[in-house]
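Structure file work_34.pdb with PDB, C-alpha atoms, pLDDT in the B column:
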```pdb
ATOM      1  CA  MET X   7     101.982  89.495 140.235  1.00 70.00           C
ATOM      2  CA  LEU X   8     104.514  92.247 140.841  1.00 79.00           C
ATOM      3  CA  ASP X   9     108.125  91.607 139.843  1.00 84.00           C
ATOM      4  CA  SER X  10     110.284  91.485 142.992  1.00 85.00           C
ATOM      5  CA  ALA X  11     113.022  93.635 141.402  1.00 90.00           C
ATOM      6  CA  VAL X  12     110.501  96.404 140.718  1.00 90.00           C
ATOM      7  CA  ALA X  13     109.121  96.095 144.253  1.00 89.00           C
ATOM      8  CA  ARG X  14     112.593  96.279 145.834  1.00 91.00           C
ATOM      9  CA  ARG X  15     113.358  99.436 143.861  1.00 95.00           C
ATOM     10  CA  VAL X  16     110.437 101.280 145.521  1.00 96.00           C
ATOM     11  CA  ARG X  17     111.684 103.604 148.272  1.00 96.00           C
ATOM     12  CA  LEU X  18     108.564 105.765 148.643  1.00 97.00           C
ATOM     13  CA  LEU X  19     104.820 105.289 148.196  1.00 98.00           C
ATOM     14  CA  GLY X  20     102.816 108.244 146.911  1.00 98.00           C
ATOM     15  CA  LEU X  21      99.038 108.178 147.305  1.00 98.00           C
ATOM     16  CA  ASP X  22      96.379 110.374 145.800  1.00 97.00           C
ATOM     17  CA  VAL X  23      93.713 111.040 148.420  1.00 97.00           C
ATOM     18  CA  ASP X  24      90.236 111.502 146.927  1.00 95.00           C
ATOM     19  CA  GLY X  25      89.346 108.357 145.008  1.00 96.00           C
ATOM     20  CA  VAL X  26      92.307 106.355 146.354  1.00 97.00           C
ATOM     21  CA  LEU X  27      92.286 106.722 150.146  1.00 97.00           C
ATOM     22  CA  THR X  28      88.608 107.697 149.986  1.00 96.00           C
ATOM     23  CA  ASP X  29      85.677 106.514 147.916  1.00 95.00           C
ATOM     24  CA  ASN X  30      85.556 109.932 146.210  1.00 90.00           C
ATOM     25  CA  ALA X  31      82.712 111.150 148.434  1.00 88.00           C
ATOM     26  CA  VAL X  32      83.062 114.494 150.171  1.00 85.00           C
ATOM     27  CA  PHE X  33      80.453 115.510 152.729  1.00 87.00           C
ATOM     28  CA  ILE X  34      80.192 119.276 153.168  1.00 87.00           C
ATOM     29  CA  GLY X  35      77.911 120.999 155.632  1.00 89.00           C
ATOM     30  CA  MET X  36      77.650 123.663 158.277  1.00 89.00           C
ATOM     31  CA  VAL X  37      78.521 123.040 161.926  1.00 89.00           C
ATOM     32  CA  ASP X  38      78.094 125.949 164.333  1.00 92.00           C
ATOM     33  CA  GLY X  39      77.920 128.309 161.365  1.00 90.00           C
ATOM     34  CA  ARG X  40      81.221 127.097 159.904  1.00 90.00           C
ATOM     35  CA  ARG X  41      81.795 125.038 156.779  1.00 88.00           C
ATOM     36  CA  GLN X  42      82.902 121.505 157.634  1.00 87.00           C
ATOM     37  CA  GLU X  43      84.118 118.756 155.350  1.00 87.00           C
ATOM     38  CA  PHE X  44      84.069 115.054 156.096  1.00 91.00           C
ATOM     39  CA  LYS X  45      85.547 112.113 154.188  1.00 93.00           C
ATOM     40  CA  ARG X  46      85.283 108.360 154.574  1.00 94.00           C
ATOM     41  CA  PHE X  47      88.639 106.565 154.961  1.00 95.00           C
ATOM     42  CA  ASP X  48      89.111 102.781 154.996  1.00 95.00           C
ATOM     43  CA  ILE X  49      90.621 101.463 158.222  1.00 96.00           C
ATOM     44  CA  GLN X  50      92.466  98.584 156.493  1.00 97.00           C
ATOM     45  CA  ASP X  51      94.182 101.106 154.211  1.00 97.00           C
ATOM     46  CA  GLY X  52      95.348 102.919 157.337  1.00 97.00           C
ATOM     47  CA  LEU X  53      96.721  99.743 158.870  1.00 97.00           C
ATOM     48  CA  GLY X  54      98.583  99.074 155.632  1.00 97.00           C
ATOM     49  CA  ILE X  55     100.243 102.482 155.903  1.00 97.00           C
ATOM     50  CA  ARG X  56     101.193 101.670 159.488  1.00 96.00           C
ATOM     51  CA  LEU X  57     102.842  98.434 158.298  1.00 96.00           C
ATOM     52  CA  LEU X  58     105.262 100.426 156.115  1.00 95.00           C
ATOM     53  CA  GLN X  59     106.453 102.790 158.849  1.00 93.00           C
ATOM     54  CA  PRO X  60     108.843 100.508 160.775  1.00 93.00           C
ATOM     55  CA  LEU X  61     110.303  99.415 157.433  1.00 94.00           C
ATOM     56  CA  ASN X  62     111.290 103.025 156.651  1.00 92.00           C
ATOM     57  CA  ILE X  63     109.240 103.261 153.470  1.00 95.00           C
ATOM     58  CA  PRO X  64     107.762 106.758 153.609  1.00 96.00           C
ATOM     59  CA  VAL X  65     104.230 107.483 152.463  1.00 97.00           C
ATOM     60  CA  VAL X  66     103.349 110.828 150.901  1.00 97.00           C
ATOM     61  CA  LEU X  67      99.740 111.925 150.421  1.00 97.00           C
ATOM     62  CA  VAL X  68      99.299 113.998 147.267  1.00 96.00           C
ATOM     63  CA  SER X  69      95.972 115.771 146.802  1.00 95.00           C
ATOM     64  CA  GLY X  70      94.665 118.096 144.144  1.00 90.00           C
ATOM     65  CA  ARG X  71      92.552 119.924 146.702  1.00 90.00           C
ATOM     66  CA  GLU X  72      93.017 121.354 150.158  1.00 91.00           C
ATOM     67  CA  SER X  73      91.184 119.571 152.944  1.00 92.00           C
ATOM     68  CA  GLU X  74      91.437 119.677 156.715  1.00 93.00           C
ATOM     69  CA  ALA X  75      89.997 116.136 156.807  1.00 94.00           C
ATOM     70  CA  THR X  76      93.032 114.896 154.849  1.00 95.00           C
ATOM     71  CA  LEU X  77      95.399 116.552 157.327  1.00 96.00           C
ATOM     72  CA  VAL X  78      93.535 115.026 160.278  1.00 95.00           C
ATOM     73  CA  ARG X  79      93.743 111.526 158.765  1.00 96.00           C
ATOM     74  CA  ALA X  80      97.429 111.969 157.907  1.00 97.00           C
ATOM     75  CA  GLU X  81      98.159 112.985 161.492  1.00 97.00           C
ATOM     76  CA  GLU X  82      96.252 109.961 162.828  1.00 96.00           C
ATOM     77  CA  LEU X  83      98.348 107.673 160.652  1.00 96.00           C
ATOM     78  CA  GLY X  84     101.672 109.356 161.383  1.00 95.00           C
ATOM     79  CA  VAL X  85     102.088 110.452 157.753  1.00 96.00           C
ATOM     80  CA  ASP X  86     104.368 113.487 157.845  1.00 87.00           C
ATOM     81  CA  GLU X  87     104.306 114.416 154.167  1.00 94.00           C
ATOM     82  CA  VAL X  88     101.053 115.806 152.794  1.00 96.00           C
ATOM     83  CA  ILE X  89     100.959 117.759 149.547  1.00 96.00           C
ATOM     84  CA  GLN X  90      97.758 119.665 148.863  1.00 94.00           C
ATOM     85  CA  ASP X  91      97.597 121.832 145.750  1.00 89.00           C
ATOM     86  CA  ALA X  92      94.221 123.439 145.090  1.00 87.00           C
ATOM     87  CA  GLY X  93      95.116 123.642 141.398  1.00 88.00           C
ATOM     88  CA  ALA X  94      95.923 119.913 141.214  1.00 87.00           C
ATOM     89  CA  ARG X  95      99.500 120.669 140.086  1.00 92.00           C
ATOM     90  CA  LYS X  96     101.038 117.694 141.837  1.00 95.00           C
ATOM     91  CA  VAL X  97     104.369 117.312 140.041  1.00 96.00           C
ATOM     92  CA  PRO X  98     106.230 120.447 141.252  1.00 95.00           C
ATOM     93  CA  ALA X  99     105.587 119.879 144.957  1.00 93.00           C
ATOM     94  CA  PHE X 100     106.065 116.110 144.731  1.00 95.00           C
ATOM     95  CA  SER X 101     109.353 116.667 142.894  1.00 96.00           C
ATOM     96  CA  LYS X 102     110.598 118.848 145.762  1.00 95.00           C
ATOM     97  CA  THR X 103     109.569 116.178 148.274  1.00 95.00           C
ATOM     98  CA  LEU X 104     111.500 113.511 146.369  1.00 97.00           C
ATOM     99  CA  ALA X 105     114.578 115.750 146.209  1.00 97.00           C
ATOM    100  CA  ARG X 106     114.374 116.324 149.974  1.00 95.00           C
ATOM    101  CA  HIS X 107     114.327 112.541 150.514  1.00 94.00           C
ATOM    102  CA  GLY X 108     117.059 111.918 147.922  1.00 96.00           C
ATOM    103  CA  ILE X 109     114.708 109.656 145.972  1.00 97.00           C
ATOM    104  CA  GLY X 110     114.383 109.531 142.187  1.00 97.00           C
ATOM    105  CA  TRP X 111     111.111 109.212 140.289  1.00 98.00           C
ATOM    106  CA  ARG X 112     111.998 105.655 139.269  1.00 97.00           C
ATOM    107  CA  GLU X 113     112.078 104.658 142.968  1.00 97.00           C
ATOM    108  CA  VAL X 114     108.468 105.700 143.562  1.00 98.00           C
ATOM    109  CA  ALA X 115     105.230 103.727 143.491  1.00 98.00           C
ATOM    110  CA  TYR X 116     102.232 106.020 143.062  1.00 98.00           C
ATOM    111  CA  VAL X 117      98.543 105.160 143.279  1.00 98.00           C
ATOM    112  CA  GLY X 118      96.060 107.321 141.380  1.00 98.00           C
ATOM    113  CA  ASP X 119      92.551 107.318 140.015  1.00 98.00           C
ATOM    114  CA  ASP X 120      91.878 110.390 137.875  1.00 97.00           C
ATOM    115  CA  LEU X 121      93.287 112.710 135.235  1.00 96.00           C
ATOM    116  CA  ALA X 122      95.134 114.925 137.737  1.00 95.00           C
ATOM    117  CA  ASP X 123      97.298 111.904 138.607  1.00 97.00           C
ATOM    118  CA  LEU X 124      98.549 111.299 135.052  1.00 97.00           C
ATOM    119  CA  PRO X 125     101.507 113.737 135.202  1.00 97.00           C
ATOM    120  CA  VAL X 126     102.823 111.926 138.293  1.00 97.00           C
ATOM    121  CA  LEU X 127     102.040 108.433 136.981  1.00 98.00           C
ATOM    122  CA  ARG X 128     104.018 109.176 133.789  1.00 98.00           C
ATOM    123  CA  ARG X 129     107.167 109.811 135.839  1.00 98.00           C
ATOM    124  CA  VAL X 130     107.178 107.133 138.539  1.00 98.00           C
ATOM    125  CA  GLY X 131     108.776 103.716 138.380  1.00 97.00           C
ATOM    126  CA  LEU X 132     105.624 101.905 139.469  1.00 97.00           C
ATOM    127  CA  PRO X 133     102.358 103.550 138.344  1.00 98.00           C
ATOM    128  CA  ILE X 134      99.294 101.978 139.975  1.00 98.00           C
ATOM    129  CA  ALA X 135      95.570 102.558 139.398  1.00 98.00           C
ATOM    130  CA  VAL X 136      92.674 101.677 141.680  1.00 98.00           C
ATOM    131  CA  ALA X 137      89.856  99.542 140.253  1.00 98.00           C
ATOM    132  CA  ASN X 138      87.537 102.531 139.820  1.00 97.00           C
ATOM    133  CA  ALA X 139      90.136 104.725 138.083  1.00 98.00           C
ATOM    134  CA  VAL X 140      89.330 106.419 134.795  1.00 98.00           C
ATOM    135  CA  ASP X 141      90.442 104.581 131.653  1.00 98.00           C
ATOM    136  CA  GLU X 142      93.391 106.912 130.986  1.00 98.00           C
ATOM    137  CA  VAL X 143      94.869 106.124 134.409  1.00 98.00           C
ATOM    138  CA  LYS X 144      94.306 102.383 134.020  1.00 98.00           C
ATOM    139  CA  GLU X 145      96.056 102.465 130.633  1.00 98.00           C
ATOM    140  CA  MET X 146      99.076 104.196 132.203  1.00 97.00           C
ATOM    141  CA  ALA X 147      99.250 101.795 135.162  1.00 97.00           C
ATOM    142  CA  ALA X 148     101.579  98.837 135.492  1.00 96.00           C
ATOM    143  CA  PHE X 149      99.103  97.400 138.007  1.00 95.00           C
ATOM    144  CA  VAL X 150      95.360  97.902 138.614  1.00 97.00           C
ATOM    145  CA  THR X 151      93.999  96.918 142.016  1.00 97.00           C
ATOM    146  CA  GLY X 152      91.048  94.601 142.430  1.00 97.00           C
ATOM    147  CA  ALA X 153      89.672  96.893 145.156  1.00 98.00           C
ATOM    148  CA  ARG X 154      88.091 100.272 144.568  1.00 98.00           C
ATOM    149  CA  GLY X 155      89.537 103.446 146.058  1.00 97.00           C
ATOM    150  CA  GLY X 156      88.455 103.921 149.663  1.00 97.00           C
ATOM    151  CA  HIS X 157      87.660 100.219 149.941  1.00 97.00           C
ATOM    152  CA  GLY X 158      91.020  98.561 150.610  1.00 97.00           C
ATOM    153  CA  ALA X 159      92.927  99.413 147.428  1.00 98.00           C
ATOM    154  CA  VAL X 160      95.825 100.992 149.334  1.00 98.00           C
ATOM    155  CA  ARG X 161      96.088  97.976 151.641  1.00 98.00           C
ATOM    156  CA  GLU X 162      96.123  95.737 148.558  1.00 97.00           C
ATOM    157  CA  VAL X 163      99.002  97.745 147.057  1.00 98.00           C
ATOM    158  CA  ILE X 164     101.014  97.711 150.278  1.00 98.00           C
ATOM    159  CA  GLU X 165     100.534  93.985 150.799  1.00 97.00           C
ATOM    160  CA  MET X 166     101.501  93.337 147.168  1.00 96.00           C
ATOM    161  CA  LEU X 167     104.672  95.456 147.528  1.00 96.00           C
ATOM    162  CA  LEU X 168     105.702  93.836 150.793  1.00 96.00           C
ATOM    163  CA  ARG X 169     105.027  90.283 149.592  1.00 95.00           C
ATOM    164  CA  ALA X 170     107.018  90.902 146.388  1.00 95.00           C
ATOM    165  CA  ARG X 171     109.910  92.189 148.521  1.00 94.00           C
ATOM    166  CA  GLY X 172     109.646  89.186 150.852  1.00 94.00           C
ATOM    167  CA  MET X 173     108.828  91.530 153.757  1.00 95.00           C
ATOM    168  CA  TRP X 174     105.152  90.797 154.478  1.00 96.00           C
ATOM    169  CA  GLU X 175     105.773  88.425 157.401  1.00 96.00           C
ATOM    170  CA  GLU X 176     108.345  90.823 158.881  1.00 95.00           C
ATOM    171  CA  ALA X 177     105.931  93.763 158.636  1.00 96.00           C
ATOM    172  CA  VAL X 178     103.093  91.808 160.247  1.00 95.00           C
ATOM    173  CA  GLY X 179     105.442  90.504 162.938  1.00 94.00           C
ATOM    174  CA  LEU X 180     106.634  94.012 163.810  1.00 92.00           C
ATOM    175  CA  TYR X 181     103.056  95.280 163.899  1.00 93.00           C
ATOM    176  CA  LEU X 182     101.885  92.456 166.177  1.00 93.00           C
ATOM    177  CA  ALA X 183     104.942  92.668 168.463  1.00 91.00           C
ATOM    178  CA  ASP X 184     104.202  96.346 169.027  1.00 85.00           C
ATOM    179  CA  ARG X 185     100.644  95.473 170.081  1.00 84.00           C
ATOM    180  CA  ASP X 186     101.394  92.335 172.090  1.00 80.00           C
ATOM    181  CA  GLY X 187     101.430  94.154 175.408  1.00 69.00           C
ATOM    182  CA  ASP X 188     104.475  92.291 176.730  1.00 64.00           C
ATOM    183  CA  ASP X 189     107.230  94.733 177.580  1.00 57.00           C
TER
END
```

Write out the structure in this file as structure tokens.
Amino acid sequence: MLDSAVARRVRLLGLDVDGVLTDNAVFIGMVDGRRQEFKRFDIQDGLGIRLLQPLNIPVVLVSGRESEATLVRAEELGVDEVIQDAGARKVPAFSKTLARHGIGWREVAYVGDDLADLPVLRRVGLPIAVANAVDEVKEMAAFVTGARGGHGAVREVIEMLLRARGMWEEAVGLYLADRDGDD
């Protein structure tokens, strides 16, 4: 169970992409003579991200590789901040993003799964690992999800954060009111 004081301190959620929002699979092939990349994203994770938006808790995607598929998914979800560093140097760009938002490292929850996430996880106030993370990431984490990356782990984190803050019912209510159809 997440301490409510820790949950209330979180002002931004950072998410690794491959292995957290996806199941780590990347499908690469040729379409009309051009290289194309496809990834599998979990729909419930996406809905979880949508639940945070009216509560003004920004989500930042932080990837150690460049991918058009990641940008397409971010756009679908209304995620404005996407960091993609082909060298997996996540800290410098993420640090600039936090400064732009006026948010300190201690006010960040970050979900990771592999070695490239360790430099970020060492700095944040709430380091989180997905169930299929490597041992080093799990050891660093304050919380390890029951779900694997790409299979609802992000939704689990978001629900846990919102419940610990006492905001789950509000988030669900706002989501449902927006889809009720009554104007």

Taking the file as shown, find all residues satisfying the PyMOL selection byres ((chain X and resi 64) around 8) and write them as a ChimeraX atom specification. /X:17-19,58-59,62-63,65-66,85

Exactly which residues make up the result of the PyMOL selection byres ((chain X and resi 21) around 6) on this file, given as an MDAnalysis selection string? chainID X and resid 20 22 67:68 116:117

Find the axis-aligned box for segment 160-169 of chain X, covering all its listed atoms and adding 5 Å on each side, and write its centre and edge lengths in Å to one decimal as JSON.
```
{"center_x": 100.8, "center_y": 95.6, "center_z": 149.3, "size_x": 19.9, "size_y": 20.7, "size_z": 14.6}
```

Smallest atom-to-atom distance to Val178 of chain X: which of X:Val23, X:Ala159, X:Leu61, X:Val32, using only C-alpha atoms? X:Leu61

Any chance you could resolve the PyMOL selection byres ((chain X and resi 40-56) around 7) against this file and give the residues as number ranges by chain? X: 27-29, 31-39, 57-59, 75, 83, 156-158, 160-161, 164

Contact residues around Pro98 of chain X with all atoms listed in the file at 12 Å, ignoring same-chain residues under 4 positions, as a list in words: Val68, Ile89, Gln90, Asp91, Gly93, Ala94, Lys102, Thr103, Leu104, Ala105, Pro125, Val126 and Arg129 of chain X

Taking (111.1, 111.2, 140.9) in the file's coordinates as the center, which residues reach within 9 Å of it, counting all atoms listed in the file, put as JSON, numbers by chain? {"X": [100, 101, 104, 105, 109, 110, 111, 112, 113, 114, 126, 129, 130, 131]}

Atom CA of Ser69 of chain X to atom CA of Val88 of chain X, straight-line distance in Å: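 According to the coordinates, atom CA of Val88 of chain X and atom CA of Ser69 of chain X are separated by 7.9 Å.
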
Could you check how far atom CA of Ala13 of chain X sits from atom CA of Val163 of chain X, in Å to one decimal?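 For atom CA of Ala13 of chain X relative to atom CA of Val163 of chain X, the distance reads 10.6 Å.
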
Residues within 9 Å of segment 135-150 of chain X, only C-alpha atoms, excluding chain neighbours under 5 positions, as a VMD selection string: chain X and resid 7 to 8 25 to 26 116 to 121 123 to 124 127 to 128 155 159 to 160

So the first atom is atom CA of Asp24 of chain X and the second is atom CA of Ala80 of chain X; what is the distance between them in Å, to one decimal place? 13.1 Å

Near Asp9 of chain X, within 12 Å and counting all atoms listed in the file, which residues show up once chain neighbours fewer than 6 positions away are dropped, as a CSV table (one decimal) with C-alpha atoms, in the frame of the given file?
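Resulting contents of around.csv:
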```
chain,number,residue,atom,x,y,z
X,15,ARG,CA,113.4,99.4,143.9
X,16,VAL,CA,110.4,101.3,145.5
X,132,LEU,CA,105.6,101.9,139.5
X,148,ALA,CA,101.6,98.8,135.5
X,149,PHE,CA,99.1,97.4,138.0
X,166,MET,CA,101.5,93.3,147.2
X,167,LEU,CA,104.7,95.5,147.5
X,168,LEU,CA,105.7,93.8,150.8
X,169,ARG,CA,105.0,90.3,149.6
X,170,ALA,CA,107.0,90.9,146.4
X,171,ARG,CA,109.9,92.2,148.5
X,172,GLY,CA,109.6,89.2,150.9
```

Counting only C-alpha atoms, which of X:Arg106, X:Ala153, X:Pro60, X:Asn30 gets nearest to Met173 of chain X?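 Residue with the minimum atom-to-atom distance to Met173 of chain X: X:Pro60.
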
Have segment 142-154 of chain X completed to N, CA and C atoms, please, and pass it along as an mmCIF file, keeping the file's coordinate frame.
```cif
data_model
loop_
_atom_site.group_PDB
_atom_site.id
_atom_site.type_symbol
_atom_site.label_atom_id
_atom_site.label_comp_id
_atom_site.auth_asym_id
_atom_site.auth_seq_id
_atom_site.Cartn_x
_atom_site.Cartn_y
_atom_site.Cartn_z
ATOM 1 N N GLU X 142 92.059 106.372 131.287
ATOM 2 C CA GLU X 142 93.391 106.912 130.986
ATOM 3 C C GLU X 142 94.409 106.524 132.060
ATOM 4 N N VAL X 143 93.978 106.505 133.305
ATOM 5 C CA VAL X 143 94.869 106.124 134.409
ATOM 6 C C VAL X 143 95.142 104.624 134.360
ATOM 7 N N LYS X 144 94.112 103.836 134.109
ATOM 8 C CA LYS X 144 94.306 102.383 134.020
ATOM 9 C C LYS X 144 95.262 102.020 132.887
ATOM 10 N N GLU X 145 95.165 102.729 131.766
ATOM 11 C CA GLU X 145 96.056 102.465 130.633
ATOM 12 C C GLU X 145 97.511 102.788 130.968
ATOM 13 N N MET X 146 97.726 103.775 131.805
ATOM 14 C CA MET X 146 99.076 104.196 132.203
ATOM 15 C C MET X 146 99.669 103.263 133.265
ATOM 16 N N ALA X 147 98.824 102.566 133.995
ATOM 17 C CA ALA X 147 99.250 101.795 135.162
ATOM 18 C C ALA X 147 99.941 100.484 134.794
ATOM 19 N N ALA X 148 100.932 100.147 135.591
ATOM 20 C CA ALA X 148 101.579 98.837 135.492
ATOM 21 C C ALA X 148 100.757 97.802 136.261
ATOM 22 N N PHE X 149 99.926 98.277 137.182
ATOM 23 C CA PHE X 149 99.103 97.400 138.007
ATOM 24 C C PHE X 149 97.799 98.112 138.314
ATOM 25 N N VAL X 150 96.677 97.378 138.242
ATOM 26 C CA VAL X 150 95.360 97.902 138.614
ATOM 27 C C VAL X 150 94.848 97.032 139.755
ATOM 28 N N THR X 151 94.470 97.669 140.851
ATOM 29 C CA THR X 151 93.999 96.918 142.016
ATOM 30 C C THR X 151 92.655 96.249 141.733
ATOM 31 N N GLY X 152 92.364 95.222 142.487
ATOM 32 C CA GLY X 152 91.048 94.601 142.430
ATOM 33 C C GLY X 152 90.038 95.383 143.252
ATOM 34 N N ALA X 153 90.532 96.108 144.267
ATOM 35 C CA ALA X 153 89.672 96.893 145.156
ATOM 36 C C ALA X 153 89.508 98.318 144.628
ATOM 37 N N ARG X 154 88.371 98.880 144.923
ATOM 38 C CA ARG X 154 88.091 100.272 144.568
ATOM 39 C C ARG X 154 88.761 101.203 145.578
#
```
